[in-house]
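Below is the file start.cif, which contains mmCIF, C-alpha atoms.
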```cif
data_protein
loop_
_atom_site.label_atom_id
_atom_site.label_comp_id
_atom_site.auth_asym_id
_atom_site.auth_seq_id
_atom_site.Cartn_x
_atom_site.Cartn_y
_atom_site.Cartn_z
CA MET D 1 23.93 -25.09 3.40
CA ALA D 2 22.90 -23.34 0.24
CA SER D 3 24.95 -20.31 -0.52
CA ILE D 4 23.18 -17.12 -1.53
CA VAL D 5 25.81 -16.34 -4.14
CA GLN D 6 24.86 -19.39 -6.16
CA CYS D 7 21.16 -18.51 -6.23
CA PRO D 8 19.79 -17.25 -9.52
CA GLY D 9 19.37 -13.49 -9.53
CA TYR D 10 16.13 -11.98 -10.68
CA LYS D 11 15.23 -8.41 -11.47
CA ALA D 12 12.10 -6.69 -10.13
CA PHE D 13 11.10 -3.49 -8.30
CA GLY D 14 14.54 -2.01 -8.86
CA LEU D 15 16.08 -4.87 -6.90
CA GLN D 16 18.27 -7.82 -7.68
CA ILE D 17 16.48 -10.70 -5.98
CA LEU D 18 18.67 -13.67 -5.03
CA SER D 19 16.12 -16.33 -4.35
CA GLU D 20 16.16 -19.94 -3.24
CA PHE D 21 12.62 -20.12 -4.56
CA PRO D 22 12.28 -20.17 -8.34
CA LEU D 23 10.53 -16.99 -9.53
CA PRO D 24 9.85 -17.81 -13.19
CA GLU D 25 7.81 -14.64 -13.78
CA LEU D 26 10.89 -12.49 -13.32
CA PRO D 27 13.67 -11.65 -15.76
CA ARG D 28 17.18 -12.70 -14.74
CA THR D 29 19.98 -10.33 -13.90
CA ASP D 30 23.51 -10.59 -12.55
CA GLN D 31 23.66 -6.90 -11.68
CA PRO D 32 22.65 -5.35 -8.38
CA GLY D 33 19.51 -3.30 -8.94
CA MET D 34 19.32 0.46 -8.51
CA LEU D 35 17.83 -0.24 -5.07
CA GLY D 36 20.34 -2.98 -4.27
CA SER D 37 20.14 -6.72 -3.77
CA ILE D 38 17.94 -8.73 -1.46
CA SER D 39 17.78 -12.41 -0.64
CA VAL D 40 14.86 -14.80 -0.36
CA VAL D 41 15.70 -17.89 1.67
CA GLU D 42 13.94 -20.90 3.07
CA ALA D 43 14.25 -21.63 6.79
CA ASP D 44 12.25 -22.93 9.71
CA LEU D 45 10.58 -19.95 11.36
CA SER D 46 8.40 -21.77 13.87
CA GLU D 47 10.38 -20.70 16.95
CA ARG D 48 10.78 -17.17 15.72
CA TRP D 49 7.05 -16.94 15.01
CA GLU D 50 6.27 -18.10 18.56
CA SER D 51 8.46 -15.46 20.11
CA ILE D 52 7.79 -12.36 18.00
CA PRO D 53 5.35 -9.83 19.53
CA LYS D 54 2.01 -10.08 17.72
CA ILE D 55 -0.09 -7.23 16.42
CA THR D 56 -2.85 -9.53 15.18
CA ALA D 57 -3.22 -13.30 15.16
CA SER D 58 -1.42 -13.46 11.83
CA LEU D 59 0.97 -10.51 12.02
CA GLY D 60 3.95 -9.87 14.27
CA THR D 61 6.63 -7.19 14.38
CA ALA D 62 9.88 -6.58 16.14
CA GLU D 63 12.57 -4.07 15.42
CA ASN D 64 13.42 -4.19 11.70
CA GLU D 65 11.33 -7.31 11.24
CA VAL D 66 7.77 -8.04 10.13
CA MET D 67 6.38 -11.56 10.21
CA PHE D 68 3.10 -12.93 9.00
CA ILE D 69 1.51 -16.31 8.65
CA VAL D 70 -0.72 -17.52 5.83
CA LYS D 71 -2.80 -20.56 6.60
CA ASP D 72 -1.91 -23.66 4.54
CA THR D 73 0.88 -21.72 2.85
CA ALA D 74 3.83 -20.42 4.86
CA VAL D 75 5.25 -18.22 7.57
CA PHE D 76 7.07 -15.19 6.16
CA SER D 77 9.63 -12.90 7.74
CA ILE D 78 10.88 -9.67 6.20
CA GLN D 79 13.98 -8.18 7.79
CA ASN D 80 15.92 -4.95 7.46
CA GLY D 81 14.71 -4.27 3.95
CA SER D 82 17.14 -6.89 2.75
CA LYS D 83 15.98 -10.41 3.50
CA ILE D 84 12.81 -12.42 3.11
CA THR D 85 12.65 -15.74 4.91
CA VAL D 86 9.97 -18.25 4.03
CA SER D 87 8.96 -21.30 5.98
CA PRO D 88 6.51 -23.17 3.77
CA VAL D 89 3.84 -25.49 5.07
CA GLU D 90 4.22 -29.05 3.74
CA HIS D 91 2.55 -29.43 0.31
CA ALA D 92 2.02 -25.67 0.02
CA ASP D 93 1.29 -24.38 -3.46
CA PRO D 94 4.52 -22.81 -4.81
CA ALA D 95 2.51 -20.35 -6.91
CA SER D 96 0.73 -19.16 -3.81
CA ILE D 97 4.05 -18.73 -1.97
CA ARG D 98 5.40 -16.67 -4.89
CA LEU D 99 2.31 -14.53 -4.77
CA PHE D 100 3.12 -13.52 -1.21
CA ILE D 101 6.85 -13.11 -1.81
CA LEU D 102 6.25 -10.74 -4.73
CA GLY D 103 3.26 -9.00 -3.16
CA SER D 104 2.98 -8.60 0.58
CA CYS D 105 6.63 -9.34 1.40
CA MET D 106 7.88 -6.92 -1.25
CA GLY D 107 5.51 -4.22 0.02
CA VAL D 108 6.92 -4.54 3.52
CA LEU D 109 10.49 -4.72 2.29
CA LEU D 110 10.16 -1.52 0.25
CA MET D 111 8.69 0.23 3.29
CA GLN D 112 11.63 -0.97 5.40
CA LYS D 113 13.95 0.46 2.75
CA GLY D 114 12.17 3.80 3.01
CA ILE D 115 10.61 3.53 -0.44
CA LEU D 116 7.01 4.51 -0.95
CA ALA D 117 4.90 1.85 -2.66
CA LEU D 118 1.58 2.75 -4.19
CA HIS D 119 -1.15 0.27 -4.92
CA GLY D 120 -2.11 0.40 -8.57
CA SER D 121 -0.71 0.18 -12.06
CA SER D 122 1.65 2.57 -13.74
CA LEU D 123 2.03 3.04 -17.45
CA VAL D 124 4.08 5.09 -19.84
CA LEU D 125 1.88 7.79 -21.36
CA ASP D 126 3.50 10.47 -23.47
CA ASN D 127 7.00 9.37 -22.37
CA LYS D 128 6.28 9.72 -18.67
CA ALA D 129 4.94 7.41 -16.00
CA TYR D 130 1.39 7.87 -14.76
CA ALA D 131 -0.14 5.86 -11.95
CA LEU D 132 -3.66 4.49 -11.99
CA VAL D 133 -4.90 3.98 -8.47
CA GLY D 134 -8.32 3.17 -7.08
CA ARG D 135 -10.23 0.74 -4.97
CA SER D 136 -10.67 -2.85 -5.90
CA GLY D 137 -13.26 -2.96 -8.63
CA ALA D 138 -12.64 0.59 -9.78
CA GLY D 139 -11.29 -0.74 -13.05
CA LYS D 140 -7.52 -0.25 -12.76
CA SER D 141 -6.51 -3.39 -14.58
CA THR D 142 -9.20 -3.10 -17.21
CA LEU D 143 -8.00 0.37 -18.05
CA ALA D 144 -4.34 -0.70 -17.85
CA SER D 145 -5.03 -3.59 -20.25
CA TYR D 146 -6.83 -1.26 -22.60
CA LEU D 147 -3.94 1.22 -22.57
CA MET D 148 -1.47 -1.59 -23.20
CA ASP D 149 -3.57 -2.77 -26.12
CA GLN D 150 -3.21 0.77 -27.46
CA GLY D 151 0.56 0.34 -27.36
CA HIS D 152 1.45 1.96 -24.03
CA LEU D 153 4.06 0.24 -21.91
CA LEU D 154 3.47 -1.11 -18.43
CA VAL D 155 5.83 0.16 -15.72
CA SER D 156 4.42 -1.73 -12.81
CA ASP D 157 1.32 -3.67 -11.90
CA ASP D 158 -0.16 -3.79 -8.41
CA VAL D 159 2.90 -2.54 -6.48
CA ILE D 160 4.35 0.74 -7.74
CA PRO D 161 7.63 1.61 -6.00
CA VAL D 162 8.11 5.37 -5.94
CA LEU D 163 11.54 6.84 -5.33
CA VAL D 164 11.69 10.51 -4.43
CA HIS D 165 14.78 12.42 -5.40
CA ASN D 166 14.97 16.16 -4.69
CA GLY D 167 11.20 16.38 -4.58
CA THR D 168 10.81 14.57 -7.89
CA PRO D 169 9.02 11.24 -7.78
CA LEU D 170 10.28 8.41 -9.97
CA ALA D 171 8.25 5.31 -10.83
CA VAL D 172 10.35 2.15 -10.60
CA PRO D 173 9.43 -0.80 -12.88
CA GLY D 174 7.92 -3.88 -11.27
CA TYR D 175 8.24 -6.91 -13.51
CA PRO D 176 6.74 -7.83 -16.88
CA GLN D 177 3.46 -9.37 -15.84
CA GLN D 178 0.01 -8.02 -15.44
CA LYS D 179 -1.82 -9.86 -12.76
CA LEU D 180 -4.39 -9.31 -10.12
CA TRP D 181 -3.75 -10.78 -6.78
CA GLN D 182 -6.19 -9.25 -4.43
CA GLN D 183 -5.53 -11.99 -1.96
CA SER D 184 -1.94 -11.06 -1.46
CA LEU D 185 -2.68 -7.40 -1.65
CA ASP D 186 -5.31 -7.36 1.04
CA TYR D 187 -3.74 -9.94 3.19
CA LEU D 188 -2.00 -7.76 5.68
CA GLY D 189 -4.66 -5.11 5.83
CA MET D 190 -7.25 -7.82 5.78
CA ASN D 191 -10.15 -8.34 8.18
CA SER D 192 -13.42 -8.62 6.30
CA SER D 193 -12.06 -7.22 3.05
CA ALA D 194 -9.77 -10.23 2.67
CA PHE D 195 -12.79 -12.40 2.24
CA ARG D 196 -14.39 -10.67 -0.66
CA PRO D 197 -15.55 -13.33 -3.09
CA LEU D 198 -14.04 -11.33 -5.97
CA PHE D 199 -10.46 -12.32 -5.38
CA GLN D 200 -11.11 -15.91 -6.31
CA ARG D 201 -12.01 -14.73 -9.76
CA GLU D 202 -9.27 -12.12 -10.01
CA THR D 203 -6.32 -14.28 -9.01
CA LYS D 204 -6.88 -16.37 -12.11
CA PHE D 205 -5.28 -13.89 -14.46
CA ALA D 206 -1.56 -13.66 -15.03
CA VAL D 207 -0.53 -12.20 -18.34
CA PRO D 208 3.15 -11.98 -19.29
CA VAL D 209 3.87 -8.68 -21.00
CA HIS D 210 7.56 -8.87 -21.88
CA ASP D 211 7.07 -6.95 -25.10
CA ARG D 212 5.07 -4.17 -23.46
CA PHE D 213 7.19 -3.47 -20.44
CA GLN D 214 9.13 -0.39 -19.45
CA THR D 215 12.41 -1.58 -17.99
CA GLU D 216 13.93 1.69 -16.76
CA PRO D 217 12.59 4.05 -14.07
CA LEU D 218 10.65 7.04 -15.33
CA SER D 219 9.61 10.31 -13.78
CA LEU D 220 6.14 9.98 -12.26
CA ALA D 221 4.19 12.81 -13.85
CA GLY D 222 0.74 12.32 -12.40
CA ILE D 223 -1.81 10.15 -10.71
CA PHE D 224 -5.28 9.22 -11.86
CA GLU D 225 -7.58 7.92 -9.16
CA LEU D 226 -10.28 5.77 -10.69
CA ALA D 227 -13.71 6.06 -9.14
CA VAL D 228 -17.14 4.64 -9.89
CA SER D 229 -20.38 6.60 -9.85
CA GLN D 230 -23.73 4.95 -9.16
CA GLN D 231 -25.31 7.35 -11.58
CA ASP D 232 -25.44 6.90 -15.28
CA GLY D 233 -23.59 9.50 -17.29
CA PRO D 234 -20.34 10.30 -19.03
CA VAL D 235 -16.87 9.71 -17.64
CA THR D 236 -15.76 12.80 -15.71
CA LEU D 237 -12.40 14.09 -14.60
CA GLU D 238 -11.62 16.58 -11.82
CA PRO D 239 -8.34 17.67 -10.28
CA ILE D 240 -7.62 16.60 -6.74
CA SER D 241 -6.14 19.59 -4.99
CA GLY D 242 -4.60 20.77 -1.76
CA LEU D 243 -4.54 18.56 1.26
CA GLU D 244 -6.88 16.03 -0.30
CA ARG D 245 -3.85 14.79 -2.19
CA PHE D 246 -2.30 13.53 1.03
CA HIS D 247 -5.43 11.61 1.76
CA THR D 248 -5.51 10.16 -1.76
CA LEU D 249 -1.91 9.00 -1.60
CA TYR D 250 -2.32 7.59 1.88
CA ASN D 251 -5.42 5.72 0.74
CA HIS D 252 -3.61 4.16 -2.17
CA THR D 253 -0.42 3.29 -0.37
CA TYR D 254 0.33 -0.39 -0.74
CA GLN D 255 -0.61 -2.13 2.50
CA LYS D 256 -1.49 1.13 4.18
CA ALA D 257 -2.69 -0.71 7.27
CA LEU D 258 0.94 -1.55 7.96
CA VAL D 259 2.04 2.07 7.92
CA ASP D 260 0.60 2.49 11.40
CA ARG D 261 1.17 -1.04 12.59
CA ILE D 262 4.88 -1.03 12.02
CA GLY D 263 5.23 2.52 13.21
CA VAL D 264 6.35 4.32 10.08
CA ARG D 265 3.52 6.86 9.82
CA GLU D 266 5.80 9.80 10.39
CA TRP D 267 8.23 8.68 7.71
CA HIS D 268 5.33 8.04 5.35
CA PHE D 269 3.79 11.47 5.90
CA GLY D 270 7.13 13.21 5.46
CA MET D 271 7.74 11.24 2.28
CA LEU D 272 4.39 12.33 0.84
CA ALA D 273 5.00 15.94 1.90
CA SER D 274 8.30 15.98 0.02
CA PHE D 275 6.60 15.76 -3.39
CA VAL D 276 2.81 15.85 -3.08
CA GLY D 277 2.55 19.58 -3.68
CA ARG D 278 4.04 19.25 -7.14
CA LEU D 279 2.39 16.09 -8.40
CA PRO D 280 -0.77 16.55 -10.50
CA MET D 281 -3.61 14.33 -9.35
CA TYR D 282 -7.00 13.71 -10.89
CA ARG D 283 -10.10 11.78 -10.08
CA LEU D 284 -11.54 9.94 -13.05
CA THR D 285 -15.11 8.83 -12.41
CA ARG D 286 -16.90 6.34 -14.62
CA PRO D 287 -20.49 5.07 -14.50
CA GLU D 288 -20.93 1.67 -12.90
CA GLN D 289 -22.43 0.10 -16.00
CA GLY D 290 -20.86 -0.33 -19.39
CA PHE D 291 -17.31 -0.33 -20.76
CA SER D 292 -15.70 3.09 -20.41
CA ALA D 293 -11.98 2.45 -20.93
CA ALA D 294 -11.99 4.29 -24.27
CA GLN D 295 -13.69 7.35 -22.76
CA GLN D 296 -11.36 7.26 -19.77
CA THR D 297 -8.37 7.08 -22.08
CA SER D 298 -9.39 10.09 -24.14
CA LEU D 299 -9.98 12.16 -20.99
CA ILE D 300 -6.59 11.13 -19.63
CA PHE D 301 -4.83 12.19 -22.81
CA GLU D 302 -6.79 15.42 -23.03
CA THR D 303 -5.62 16.23 -19.51
CA ILE D 304 -2.01 15.28 -20.12
CA THR D 305 -1.84 17.31 -23.33
CA GLN D 306 -3.43 20.32 -21.67
CA LYS D 307 -0.98 20.11 -18.78
CA VAL D 308 1.97 19.95 -21.15
CA GLU D 309 0.65 22.97 -23.07
CA GLU D 310 0.21 24.95 -19.86
CA MET D 311 3.77 24.21 -18.87
CA ASN D 312 5.09 25.35 -22.23
CA LEU D 313 3.27 28.69 -22.09
CA MET W 1 -12.99 21.63 27.23
CA ASN W 2 -12.30 24.51 24.95
CA MET W 3 -15.60 26.29 25.31
CA ASN W 4 -15.51 29.91 24.47
CA THR W 5 -11.80 30.28 24.90
CA ALA W 6 -11.85 33.39 22.76
CA GLU W 7 -12.35 35.64 25.75
CA VAL W 8 -9.85 33.99 28.05
CA LEU W 9 -6.80 34.10 25.77
CA SER W 10 -4.41 36.82 26.73
CA LEU W 11 -0.77 37.59 26.16
CA GLU W 12 -0.06 35.68 29.35
CA SER W 13 -1.92 32.53 28.28
CA VAL W 14 0.45 29.60 28.07
CA LEU W 15 -0.29 26.87 25.54
CA VAL W 16 1.32 23.72 24.25
CA GLN W 17 0.89 21.29 21.34
CA ARG W 18 -1.33 18.32 21.97
CA GLU W 19 0.23 14.97 21.17
CA GLY W 20 -0.66 12.85 18.18
CA ASN W 21 0.19 15.28 15.40
CA ILE W 22 2.80 14.72 12.75
CA ALA W 23 4.13 17.79 11.01
CA SER W 24 6.26 17.99 7.93
CA ASP W 25 7.58 20.58 5.56
CA MET W 26 5.95 20.92 2.13
CA ASP W 27 7.66 23.45 -0.11
CA GLY W 28 8.22 25.87 2.77
CA GLU W 29 4.80 25.39 4.30
CA LYS W 30 4.10 23.30 7.34
CA VAL W 31 1.61 20.50 6.78
CA MET W 32 0.26 18.38 9.55
CA LEU W 33 -1.62 15.18 10.12
CA ASN W 34 -3.70 14.55 13.18
CA VAL W 35 -3.28 10.83 13.67
CA GLN W 36 -6.44 10.41 15.77
CA ASN W 37 -8.95 12.04 13.46
CA GLY W 38 -7.02 11.48 10.23
CA LYS W 39 -7.37 15.16 9.28
CA TYR W 40 -4.72 16.99 7.32
CA TYR W 41 -3.88 20.64 7.96
CA ASN W 42 -1.84 23.17 6.09
CA LEU W 43 -0.49 25.56 8.69
CA GLY W 44 1.32 27.70 6.16
CA GLU W 45 4.63 29.39 6.75
CA VAL W 46 3.79 31.66 9.68
CA GLY W 47 1.48 29.06 11.18
CA GLY W 48 4.27 26.52 10.95
CA GLU W 49 6.54 28.76 13.01
CA ILE W 50 3.81 29.30 15.58
CA TRP W 51 3.29 25.53 15.73
CA GLU W 52 7.00 24.94 16.24
CA ALA W 53 7.08 27.48 19.03
CA LEU W 54 4.29 25.54 20.73
CA ALA W 55 6.41 22.38 21.00
CA SER W 56 6.96 23.25 24.66
CA PRO W 57 4.70 25.46 26.83
CA VAL W 58 4.93 29.06 25.72
CA SER W 59 2.88 32.21 26.21
CA ILE W 60 1.03 34.02 23.44
CA GLY W 61 3.20 37.05 24.14
CA GLN W 62 6.38 35.06 23.64
CA ILE W 63 5.13 33.58 20.38
CA ALA W 64 4.10 37.01 19.13
CA GLY W 65 7.61 38.20 19.93
CA ILE W 66 9.13 35.39 17.88
CA ILE W 67 6.82 36.05 14.92
CA GLN W 68 7.38 39.79 15.08
CA GLU W 69 11.12 39.33 14.86
CA MET W 70 11.14 36.49 12.35
CA PHE W 71 8.82 38.10 9.80
CA GLU W 72 9.67 41.72 10.63
CA VAL W 73 6.10 42.80 11.22
CA PRO W 74 4.70 45.42 13.64
CA GLU W 75 3.99 44.22 17.16
CA GLU W 76 0.23 44.72 16.88
CA LEU W 77 -0.02 42.71 13.67
CA ALA W 78 2.08 39.86 15.06
CA ARG W 79 -0.07 39.69 18.16
CA GLN W 80 -3.29 39.72 16.19
CA ASP W 81 -2.06 36.97 13.86
CA VAL W 82 -0.92 34.81 16.75
CA PHE W 83 -4.19 35.28 18.65
CA GLU W 84 -6.22 34.30 15.62
CA PHE W 85 -4.07 31.36 14.67
CA VAL W 86 -3.83 29.95 18.18
CA GLN W 87 -7.57 30.30 18.48
CA SER W 88 -8.04 28.16 15.38
CA LEU W 89 -5.60 25.58 16.77
CA LEU W 90 -7.68 25.54 19.95
CA ASN W 91 -10.87 25.12 17.97
CA GLU W 92 -9.37 22.09 16.26
CA ASP W 93 -8.15 20.79 19.61
CA LEU W 94 -4.57 20.72 18.37
CA VAL W 95 -3.20 22.69 21.34
CA ALA W 96 -4.04 22.82 25.04
CA ILE W 97 -4.06 25.71 27.48
CA VAL W 98 -1.50 25.07 30.19
CA SER W 99 -2.30 28.16 32.20
CA GLY W 100 -4.23 31.34 31.69
CA PRO W 101 -5.51 33.88 31.34
#
```

Give the structure from this file in C-alpha cells form.
Amino acid sequence: MASIVQCPGYKAFGLQILSEFPLPELPRTDQPGMLGSISVVEADLSERWESIPKITASLGTAENEVMFIVKDTAVFSIQNGSKITVSPVEHADPASIRLFILGSCMGVLLMQKGILALHGSSLVLDNKAYALVGRSGAGKSTLASYLMDQGHLLVSDDVIPVLVHNGTPLAVPGYPQQKLWQQSLDYLGMNSSAFRPLFQRETKFAVPVHDRFQTEPLSLAGIFELAVSQQDGPVTLEPISGLERFHTLYNHTYQKALVDRIGVREWHFGMLASFVGRLPMYRLTRPEQGFSAAQQTSLIFETITQKVEEMNL
Amino acid sequence: MNMNTAEVLSLESVLVQREGNIASDMDGEKVMLNVQNGKYYNLGEVGGEIWEALASPVSIGQIAGIIQEMFEVPEELARQDVFEFVQSLLNEDLVAIVSGP
C-alpha cells in the first residue's frame, strides 16, 4: 500500500497537500501549510457511496463526510477537513479529476475546517488583498487579468480562503494559476445552472502566473462585487452597507448551496458576523457592452485611495 | 395569525421566539438571519437582549424588568421600548404569543 509520507507535497490554499494524484499546477513544499496538511488518496468508494445518506442523486453526506459523484469521472469523498478520497472511473480524464480535487473538494474541505471560502478572485492592490466577486459572466476574470497585466499580483483565483483572526479577515493564497472552471464551481450547487453552455468555453483557459503570484496571506481590505447593467452608461461604484453585506457575502460564498445542505449555516452566519461590520464592500456596475476593465480599475483605485485618506484623517 | 396584536399585548402577555432564526453577535449588536425567508435583521444591543430573553416563554413584564435593570433605565421607558420592539418582532413573525393578554 502506498504510504502518504512518500507522496509529493504540494502547496495551495494554505495547505500542504500530500497527493497520490499528480497536481502539476501546484508548487511543491515539504512544510506543513499554515492551515495544516491534508491527503488526497485513491481508493474504491463504491460501497461507501451506496451506503451514505443522499441529499441529491449525486451528493451524499454523513457526519464529517461529504461525497459526490461526477459522471464519467469519479466518486469523491471529503472527510474531516483532512482527507480527500477519489475513486476514478476507468479512462477518466486526469485533468478533469484534478479540476474537482482543487475546486469542489477543496471548497468542502475548507468548510469542514471552519474556513470561509469566497467565490471570486483576489488580488494585491496597494499592498492589501481585495476580492472581486460576482456572478458568472460579471467579468471577474477579465478584470483580474487586466489588473495582473497592470502589475498587480494574484492572491487566489476562483476559491478565496478567508481566515478570520480577532475580527480581521485574511486572504489566503490559492495557487499560481488563473483559470475558469465553472463546471467544478457549479457542480455541487448545480441543477440547471450546471448546464450553462458557457462553461465549455470557459474551462479552456488555464494560465500559469508564477511570476505574478502573492505567496503569503494578506489582510483582506475590501470586496468589490462586479455587476452588469443592461443600460448603457459609465461604470458606477456604490458602497454596500448594513445588512446587505451579509447577503452579498452569503451570495458569493463558494458552493453556498452546501452551506445549508451540510448543516453549517449557523457557523457560516457567525463567521460572517465576526468581521462583516468592518469590511468595506462596494458594488461596481459596468454596462453590458464594451470593454470596461480600465474604467473599473480607475474607480477601484479612486475608492481605495479615498478610503486610505479617510483613515489617515 | 398576528392580526392587530397591538391592542392585545399587555404586561402579562407571554411570548417566545419562533424557530428557524440564527442569531450572532456583530460588534456588540445582535444580528439575525431568518432561514425561511432569507431576511437579515439587526436587532441592536437592547433588541438583542430582548431576543435572548425570548428564548423560552416569558412575559412582557418580565422582559421589561430585565431591560430596566440591565440598561438602568426608568420602568416606563423600559416597558415602552419592550412593547414596541416585541410588536415589531410580531410583525415580522419572529416571535409567537404563547398566552395573553

Problem set entry | Nearby residues (only C-alpha atoms) at most 9 Å from Leu43 (chain W), same-chain spacing under 4 positions excluded, as an NGL selection string | :W and (29-32 or 47-51)

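Of note, CA of Met148 (chain D) and CA of Gln214 (chain D) are spaced 11.3 Å apart.
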
Exercise. Once the PyMOL selection byres ((chain D and resi 256) around 12) has been applied to the shown file, what residues remain in the selection, as a PyMOL selection string?
Worked result: chain D and resi 104+107-108+111+116-119+185-190+247-255+257-265+268-269

Exercise. Counting all atoms listed in the file, which of W:Ala96, W:Leu15, W:Ala23, W:Leu90 gets nearest to Ile63 (chain W)?
Worked result: W:Leu15

Exercise. Any idea what's packed within 10 Å of Leu143 (chain D), counting all atoms listed in the file, ignoring anything in its chain fewer than 5 positions away? Could you give it as a PyMOL selection string?
Worked result: chain D and resi 121+132+138+148-149+226+291-294+296-297

Can you build me a table of chain D residues sitting at most 8 Å from chain W, with the closest atom pair per residue and its distance in Å to one decimal, using only C-alpha atoms, sorted by chain and residue number, as JSON lines?
```
{"residue": "D:Leu243", "atom": "CA", "partner": "W:Tyr40", "partner_atom": "CA", "distance": 6.3}
{"residue": "D:Glu244", "atom": "CA", "partner": "W:Tyr40", "partner_atom": "CA", "distance": 8.0}
{"residue": "D:Phe246", "atom": "CA", "partner": "W:Tyr40", "partner_atom": "CA", "distance": 7.6}
{"residue": "D:His247", "atom": "CA", "partner": "W:Tyr40", "partner_atom": "CA", "distance": 7.8}
{"residue": "D:Glu266", "atom": "CA", "partner": "W:Ile22", "partner_atom": "CA", "distance": 6.2}
{"residue": "D:Phe269", "atom": "CA", "partner": "W:Ser24", "partner_atom": "CA", "distance": 7.3}
{"residue": "D:Gly270", "atom": "CA", "partner": "W:Ser24", "partner_atom": "CA", "distance": 5.5}
{"residue": "D:Ala273", "atom": "CA", "partner": "W:Met26", "partner_atom": "CA", "distance": 5.1}
{"residue": "D:Ser274", "atom": "CA", "partner": "W:Met26", "partner_atom": "CA", "distance": 5.9}
{"residue": "D:Phe275", "atom": "CA", "partner": "W:Met26", "partner_atom": "CA", "distance": 7.6}
{"residue": "D:Val276", "atom": "CA", "partner": "W:Met26", "partner_atom": "CA", "distance": 7.9}
{"residue": "D:Gly277", "atom": "CA", "partner": "W:Met26", "partner_atom": "CA", "distance": 6.9}
```

Exercise. How many Å separate CA of Gly139 (chain D) from CA of Glu288 (chain D)?
Worked result: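 CA of Glu288 (chain D) lies 9.9 Å from CA of Gly139 (chain D).
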
Problem set entry | Atom pair CA of Ala62 (chain D) / CA of Gln79 (chain D): separation (Å) | 9.4 Å

Exercise. If the PyMOL selection byres ((chain D and resi 28-45) around 10) is run on the structure shown, which residues does it catch, given as a PyMOL selection string?
Worked result: chain D and resi 2-5+7-27+46-50+67+74-78+80-89+101+109-110+113+115+163+172+216-217

For this session: Report as a list of chain:residue names the residues that result from applying the PyMOL selection byres ((chain W and resi 94) around 10) to the structure here.
Result: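 This file, filtered by the PyMOL selection byres ((chain W and resi 94) around 10), leaves W:Val16, W:Gln17, W:Arg18, W:Glu19, W:Gly20, W:Asn21, W:Asn34, W:Trp51, W:Val86, W:Ser88, W:Leu89, W:Leu90, W:Asn91, W:Glu92, W:Asp93, W:Val95, W:Ala96.
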
For this session: Show which residues sit within 12 Å of Lys307 (chain D), as a ChimeraX atom specification. Count only C-alpha atoms, and ignore same-chain residues fewer than 5 positions away.
Result: /D:126,221-222,239,279-282,300-302,312-313

Dump as an mmCIF file, keeping the file's coordinate frame, selection limited to C-alpha atoms:
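Contents of the output file selection-v4.cif:
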```cif
data_model
loop_
_atom_site.group_PDB
_atom_site.id
_atom_site.type_symbol
_atom_site.label_atom_id
_atom_site.label_comp_id
_atom_site.auth_asym_id
_atom_site.auth_seq_id
_atom_site.Cartn_x
_atom_site.Cartn_y
_atom_site.Cartn_z
ATOM 1 C CA ASP D 126 3.500 10.470 -23.470
ATOM 2 C CA ALA D 221 4.190 12.810 -13.850
ATOM 3 C CA GLY D 222 0.740 12.320 -12.400
ATOM 4 C CA PRO D 239 -8.340 17.670 -10.280
ATOM 5 C CA LEU D 279 2.390 16.090 -8.400
ATOM 6 C CA PRO D 280 -0.770 16.550 -10.500
ATOM 7 C CA MET D 281 -3.610 14.330 -9.350
ATOM 8 C CA TYR D 282 -7.000 13.710 -10.890
ATOM 9 C CA ILE D 300 -6.590 11.130 -19.630
ATOM 10 C CA PHE D 301 -4.830 12.190 -22.810
ATOM 11 C CA GLU D 302 -6.790 15.420 -23.030
ATOM 12 C CA ASN D 312 5.090 25.350 -22.230
ATOM 13 C CA LEU D 313 3.270 28.690 -22.090
#
```

Problem set entry | Who sits within 8 Å of Leu284 (chain D), all atoms listed in the file, same chain under 4 positions skipped, as an MDAnalysis selection string | chainID D and resid 224:227 235:238 296

For this session: Between D:Leu220, D:Lys128, D:Phe68, D:Ser122, single out the one closest to Phe100 (chain D), counting all atoms listed in the file.
Result: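 Once distances to Phe100 (chain D) are computed over all atoms listed in the file, the minimum belongs to D:Phe68.
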
Extract, using all atoms listed in the file, all DNA, RNA and protein residues at most 9 Å from Gly61 (chain W), discarding same-chain residues fewer than 2 positions from it, and format them as a PDB file with C-alpha atoms, in the coordinates of the input.
```
ATOM      1  CA  SER W  10      -4.410  36.820  26.730  1.00  0.00           C
ATOM      2  CA  LEU W  11      -0.770  37.590  26.160  1.00  0.00           C
ATOM      3  CA  GLU W  12      -0.060  35.680  29.350  1.00  0.00           C
ATOM      4  CA  SER W  13      -1.920  32.530  28.280  1.00  0.00           C
ATOM      5  CA  VAL W  14       0.450  29.600  28.070  1.00  0.00           C
ATOM      6  CA  VAL W  58       4.930  29.060  25.720  1.00  0.00           C
ATOM      7  CA  SER W  59       2.880  32.210  26.210  1.00  0.00           C
ATOM      8  CA  ILE W  63       5.130  33.580  20.380  1.00  0.00           C
ATOM      9  CA  ALA W  64       4.100  37.010  19.130  1.00  0.00           C
ATOM     10  CA  GLY W  65       7.610  38.200  19.930  1.00  0.00           C
ATOM     11  CA  ILE W  66       9.130  35.390  17.880  1.00  0.00           C
ATOM     12  CA  ARG W  79      -0.070  39.690  18.160  1.00  0.00           C
ATOM     13  CA  VAL W  82      -0.920  34.810  16.750  1.00  0.00           C
TER      14      VAL W  82
END
```
